[in-house]
Amino acid sequence: MGEQLFNNVLWPVLGVLAIVLPLVVTVALYVWWERKVLGWMHVRMGPNKVGPFGLLQAFADVTKLLLKEVILPSSANRVMYYMAPLIALVPALAAWAVIPFNDQLVLANVNAGVLYLLAMTSLGVYGIILAGWASNSRYALLGAMRSAAQVISYELAMGLCLVCVLVLAGSLNLTDIVHAQAGSKGIGDWFMWPLFPVFIIYFISGVAETNRAPFDVAEGESEIVAGFHVEYSGSAFALFFLAEYANMILVSFLASILFMGGWLSPLPESWGFLGHSSILWLFAKVFVFAFLFLWFRASFPRYRYDQIMRLGWKVFIPIAIAWVLVAGCMKYFGWVTVGTGG
Amino acid sequence: MIDSSVFQLVCFYAFAAVTVVAALGVITLRNTVHAVLSLVLTFFSTACIWLLAEAEFLAIALVVVYVGAVMVLFLFVVMMLDIDREQVREGFIKYLPVGIIVALVMLGEMLALIGVRAMHEQVMGANPATVAGMSNTEWLGHALYTEFLLPFEIAALILTVGVVAAVVLTLRHRTGVRHQQASQQVRVDARDRVRVVKMAAVVPAAPQPAPGKETTP
């Protein structure tokens, strides 16, 4: 009985902790890195007072947030107001269950992994909508409605991009999708080449789906103050923050896994350590995408709202639909080689 | 420890109970936003029941399509409505008898269906996906695109017609509306927007007489 308890209860819980705790620490470091990168791009220093290179700044900020009072606005809907940050955070963390880190290292190797991810990422928007509604504030409600329309629009484009990947890989399992990108040509076998337009659309939709600049009209500091979380303070605000950054890292992981061969090495096998597929390669690719998020934020002005809608519906979705057909032809006529084993 | 089939049964009843309670909440809750959220919970627990029945694809598709997209739009609309709650309550009482009759008829039909199945002792065969050694999604895909291709395509066509009809019904051509042409907007450069006018500097011909000294207050 003790062994059964260990295998069925304790071991999965430890697995969950082994993903969530490093994730939370990564989010803190990512925030620090974002502020540093933004600083450098603006010819500033960024945070440099707390700890070496300002490394502990994010942790100091978290401590400050946790010690602050969570203020309930008058005539706000109490239950929904407190539940909204949790509803935002839970799907952001739950999605990590199916992310494979290498051949063996995955919490749940489920068959319908991609579908599960699509389901989880589409749930996060409830947190934002409810936060906006429950705050009983005009700015918050406006932010929530902008966010809802935007996420729905870009989810469609994102789903169609995933369909292209599924058609080529012939599987919904993320580990199988990575294996399908292994082959003799190394980097040439990754899905980013045959699916190049879709790859670009996927990442941009990911940026829009996480409400990050230049698609951050849901927060829109210059127009609606801070959008859906304008009334939130203290730890409730910290939860929104955590969910947003966890989602950004998740999108980076997905772009690496679906299009850039996950943990596969871009270099030939003869290069020794660098030529081996390893978790370090996955992290390196994720780092590139995570850096792109920050680069976008520093470079582009915010999109106007109608232009966001136009880009999603009139540009991305038609291209993605056309590429689903192209991907079907690629698979049917055998234009691309799809690997089967790692 | 716990027998797995017993645990499954307990889970089924728990999910079913949540589904029924949430569905009741949809029609009884006064606050429309709460009612919509209750409907979300109904869908979610239904998806859990389907997962128990090993229909993974249907369960996750339910969450993606209904919970993730349709209900978000629903919530979007309901949040903006300013509904008079008393009026809604009046409607509730007015339509209650009709509702009860409909519910009773449905209950009777369902019981009859269960009774027919039980009398014929029709047992569901083994899960065809497991028999074929495929995952649920894979088997469903094969079945839809081979055996049921025609019905599947007809369903798709009907849905497309529905979308086109909705657009046609709501699209109004208004005159005097100026549309933005994104392609033209992208193509502009600085010369289209700013005109630099060169003007020769004018040198005053003669030094002007100094203005009179202002009086200080």
# chains A, B, ... in the order shown; residues from 1 in each chain; ligands from 1
$ residues_around --residues "B:Ser38" --least-positions-apart "3" --cutoff "7 Å" --atoms "only C-alpha atoms" --output "PyMOL selection string"
chain B and resi 22-23+25-26+34-35+41-42
$ write_last_selection --atoms "N, CA and C atoms" --output "PDB file, in the first residue's frame"
ATOM      1  N   ALA B  22     -24.910  22.534 -11.852  1.00  0.00           N
ATOM      2  CA  ALA B  22     -24.524  23.713 -12.634  1.00  0.00           C
ATOM      3  C   ALA B  22     -25.586  24.037 -13.674  1.00  0.00           C
ATOM      4  N   ALA B  23     -26.164  22.994 -14.279  1.00  0.00           N
ATOM      5  CA  ALA B  23     -27.205  23.238 -15.286  1.00  0.00           C
ATOM      6  C   ALA B  23     -28.425  23.890 -14.643  1.00  0.00           C
ATOM      7  N   GLY B  25     -28.220  25.781 -12.087  1.00  0.00           N
ATOM      8  CA  GLY B  25     -27.774  27.140 -11.812  1.00  0.00           C
ATOM      9  C   GLY B  25     -27.982  28.052 -13.003  1.00  0.00           C
ATOM     10  N   VAL B  26     -27.784  27.514 -14.205  1.00  0.00           N
ATOM     11  CA  VAL B  26     -27.919  28.337 -15.414  1.00  0.00           C
ATOM     12  C   VAL B  26     -29.294  28.970 -15.481  1.00  0.00           C
ATOM     13  N   HIS B  34     -23.261  35.212 -13.681  1.00  0.00           N
ATOM     14  CA  HIS B  34     -23.126  33.962 -12.923  1.00  0.00           C
ATOM     15  C   HIS B  34     -23.764  32.803 -13.681  1.00  0.00           C
ATOM     16  N   ALA B  35     -24.891  33.075 -14.345  1.00  0.00           N
ATOM     17  CA  ALA B  35     -25.556  32.009 -15.097  1.00  0.00           C
ATOM     18  C   ALA B  35     -24.658  31.499 -16.226  1.00  0.00           C
ATOM     19  N   LEU B  41     -19.290  25.817 -16.380  1.00  0.00           N
ATOM     20  CA  LEU B  41     -19.029  24.690 -15.487  1.00  0.00           C
ATOM     21  C   LEU B  41     -19.749  23.437 -15.975  1.00  0.00           C
ATOM     22  N   THR B  42     -20.976  23.624 -16.492  1.00  0.00           N
ATOM     23  CA  THR B  42     -21.718  22.481 -17.028  1.00  0.00           C
ATOM     24  C   THR B  42     -20.931  21.813 -18.156  1.00  0.00           C
TER      25      THR B  42
END
$ interface_residues --of "chain B" --to "chain A" --cutoff "8 Å" --atoms "only C-alpha atoms" --output "MDAnalysis selection string"
chainID B and resid 1 56:57 60:61 63:64 67:69 72:73 76 79 135 137
$ write_last_selection --atoms "N, CA and C atoms" --output "PDB file, in the first residue's frame"
ATOM      1  N   MET B   1      -5.726  -1.046  -2.089  1.00  0.00           N
ATOM      2  CA  MET B   1      -6.235   0.266  -1.707  1.00  0.00           C
ATOM      3  C   MET B   1      -7.646   0.434  -2.256  1.00  0.00           C
ATOM      4  N   GLU B  56     -11.579  11.051 -25.590  1.00  0.00           N
ATOM      5  CA  GLU B  56     -10.709  12.202 -25.310  1.00  0.00           C
ATOM      6  C   GLU B  56     -10.947  13.323 -26.298  1.00  0.00           C
ATOM      7  N   PHE B  57     -11.049  12.953 -27.574  1.00  0.00           N
ATOM      8  CA  PHE B  57     -11.126  13.991 -28.590  1.00  0.00           C
ATOM      9  C   PHE B  57     -12.367  14.847 -28.394  1.00  0.00           C
ATOM     10  N   ILE B  60     -12.026  17.143 -25.262  1.00  0.00           N
ATOM     11  CA  ILE B  60     -11.163  18.323 -25.387  1.00  0.00           C
ATOM     12  C   ILE B  60     -11.731  19.276 -26.428  1.00  0.00           C
ATOM     13  N   ALA B  61     -12.357  18.713 -27.486  1.00  0.00           N
ATOM     14  CA  ALA B  61     -12.975  19.596 -28.479  1.00  0.00           C
ATOM     15  C   ALA B  61     -14.088  20.405 -27.840  1.00  0.00           C
ATOM     16  N   VAL B  63     -14.161  21.459 -24.758  1.00  0.00           N
ATOM     17  CA  VAL B  63     -13.535  22.546 -23.999  1.00  0.00           C
ATOM     18  C   VAL B  63     -13.013  23.621 -24.952  1.00  0.00           C
ATOM     19  N   VAL B  64     -12.355  23.197 -26.034  1.00  0.00           N
ATOM     20  CA  VAL B  64     -11.766  24.184 -26.953  1.00  0.00           C
ATOM     21  C   VAL B  64     -12.858  25.023 -27.594  1.00  0.00           C
ATOM     22  N   VAL B  67     -16.179  25.987 -24.366  1.00  0.00           N
ATOM     23  CA  VAL B  67     -15.685  26.748 -23.226  1.00  0.00           C
ATOM     24  C   VAL B  67     -14.721  27.827 -23.687  1.00  0.00           C
ATOM     25  N   GLY B  68     -13.826  27.477 -24.605  1.00  0.00           N
ATOM     26  CA  GLY B  68     -12.772  28.410 -24.982  1.00  0.00           C
ATOM     27  C   GLY B  68     -13.227  29.507 -25.913  1.00  0.00           C
ATOM     28  N   ALA B  69     -14.210  29.245 -26.764  1.00  0.00           N
ATOM     29  CA  ALA B  69     -14.566  30.254 -27.759  1.00  0.00           C
ATOM     30  C   ALA B  69     -16.005  30.731 -27.612  1.00  0.00           C
ATOM     31  N   VAL B  72     -16.899  32.418 -24.289  1.00  0.00           N
ATOM     32  CA  VAL B  72     -16.218  33.705 -24.098  1.00  0.00           C
ATOM     33  C   VAL B  72     -17.008  34.801 -24.798  1.00  0.00           C
ATOM     34  N   LEU B  73     -17.481  34.510 -26.022  1.00  0.00           N
ATOM     35  CA  LEU B  73     -18.283  35.486 -26.747  1.00  0.00           C
ATOM     36  C   LEU B  73     -19.612  35.737 -26.034  1.00  0.00           C
ATOM     37  N   PHE B  76     -18.990  37.895 -23.170  1.00  0.00           N
ATOM     38  CA  PHE B  76     -18.712  39.198 -23.742  1.00  0.00           C
ATOM     39  C   PHE B  76     -20.012  39.969 -23.930  1.00  0.00           C
ATOM     40  N   MET B  79     -22.029  40.504 -20.445  1.00  0.00           N
ATOM     41  CA  MET B  79     -21.423  41.517 -19.587  1.00  0.00           C
ATOM     42  C   MET B  79     -21.901  42.913 -19.960  1.00  0.00           C
ATOM     43  N   SER B 135      -5.356   5.469 -31.117  1.00  0.00           N
ATOM     44  CA  SER B 135      -5.838   6.431 -30.127  1.00  0.00           C
ATOM     45  C   SER B 135      -7.216   6.897 -30.572  1.00  0.00           C
ATOM     46  N   THR B 137      -8.490   9.822 -31.011  1.00  0.00           N
ATOM     47  CA  THR B 137      -8.507  10.851 -32.049  1.00  0.00           C
ATOM     48  C   THR B 137      -8.270  10.242 -33.423  1.00  0.00           C
TER      49      THR B 137
END
$ closest_residue --among "A:Met83, A:Leu56, A:Ala218, A:Val62" --to "A:Ser135" --atoms "only C-alpha atoms"
A:Met83
$ select_by_dssp --residues "stretch 226-324 of chain A" --states "helix (DSSP H, G or I)" --output "PyMOL selection string"
chain A and resi 227-229+234-259+269-275+279-299+305-324
$ residues_around --residues "B:Met71" --least-positions-apart "3" --cutoff "9 Å" --atoms "only C-alpha atoms" --output "PDB file with N, CA and C atoms, in the first residue's frame"
ATOM      1  N   VAL B  36     -24.005  32.439 -16.925  1.00  0.00           N
ATOM      2  CA  VAL B  36     -23.116  32.032 -18.013  1.00  0.00           C
ATOM      3  C   VAL B  36     -21.959  31.209 -17.460  1.00  0.00           C
ATOM      4  N   LEU B  37     -21.401  31.649 -16.333  1.00  0.00           N
ATOM      5  CA  LEU B  37     -20.281  30.895 -15.749  1.00  0.00           C
ATOM      6  C   LEU B  37     -20.737  29.515 -15.328  1.00  0.00           C
ATOM      7  N   LEU B  39     -22.963  27.827 -16.870  1.00  0.00           N
ATOM      8  CA  LEU B  39     -23.007  27.045 -18.106  1.00  0.00           C
ATOM      9  C   LEU B  39     -21.608  26.552 -18.482  1.00  0.00           C
ATOM     10  N   VAL B  40     -20.605  27.400 -18.243  1.00  0.00           N
ATOM     11  CA  VAL B  40     -19.221  26.986 -18.492  1.00  0.00           C
ATOM     12  C   VAL B  40     -18.885  25.763 -17.654  1.00  0.00           C
ATOM     13  N   VAL B  65     -13.881  24.356 -28.141  1.00  0.00           N
ATOM     14  CA  VAL B  65     -14.867  25.074 -28.943  1.00  0.00           C
ATOM     15  C   VAL B  65     -15.855  25.817 -28.052  1.00  0.00           C
ATOM     16  N   TYR B  66     -16.497  25.102 -27.124  1.00  0.00           N
ATOM     17  CA  TYR B  66     -17.558  25.751 -26.358  1.00  0.00           C
ATOM     18  C   TYR B  66     -17.011  26.597 -25.217  1.00  0.00           C
ATOM     19  N   VAL B  67     -16.179  25.987 -24.366  1.00  0.00           N
ATOM     20  CA  VAL B  67     -15.685  26.748 -23.226  1.00  0.00           C
ATOM     21  C   VAL B  67     -14.721  27.827 -23.687  1.00  0.00           C
ATOM     22  N   GLY B  68     -13.826  27.477 -24.605  1.00  0.00           N
ATOM     23  CA  GLY B  68     -12.772  28.410 -24.982  1.00  0.00           C
ATOM     24  C   GLY B  68     -13.227  29.507 -25.913  1.00  0.00           C
ATOM     25  N   PHE B  74     -20.182  34.670 -25.506  1.00  0.00           N
ATOM     26  CA  PHE B  74     -21.426  34.755 -24.742  1.00  0.00           C
ATOM     27  C   PHE B  74     -21.248  35.709 -23.564  1.00  0.00           C
ATOM     28  N   LEU B  75     -20.173  35.476 -22.821  1.00  0.00           N
ATOM     29  CA  LEU B  75     -19.876  36.278 -21.634  1.00  0.00           C
ATOM     30  C   LEU B  75     -19.670  37.729 -22.039  1.00  0.00           C
ATOM     31  N   PHE B  76     -18.990  37.895 -23.170  1.00  0.00           N
ATOM     32  CA  PHE B  76     -18.712  39.198 -23.742  1.00  0.00           C
ATOM     33  C   PHE B  76     -20.012  39.969 -23.930  1.00  0.00           C
TER      34      PHE B  76
END
$ atom_distance --atom1 "atom CA of B:Thr130" --atom2 "atom CA of B:Ala53"
12.3 Å
$ atom_distance --atom1 "atom CA of A:Gln181" --atom2 "atom CA of A:Phe199"
14.1 Å
$ closest_residue --among "A:Ser299, A:Ser235, A:Ser270, A:Thr175" --to "A:Glu69" --atoms "only C-alpha atoms"
A:Ser235
$ atom_distance --atom1 "atom CA of A:Glu223" --atom2 "atom CA of A:Val70"
24.3 Å
$ closest_residue --among "B:Gln184, B:Ser45, B:Thr32, B:Gln8" --to "B:Val78" --atoms "only C-alpha atoms"
B:Thr32
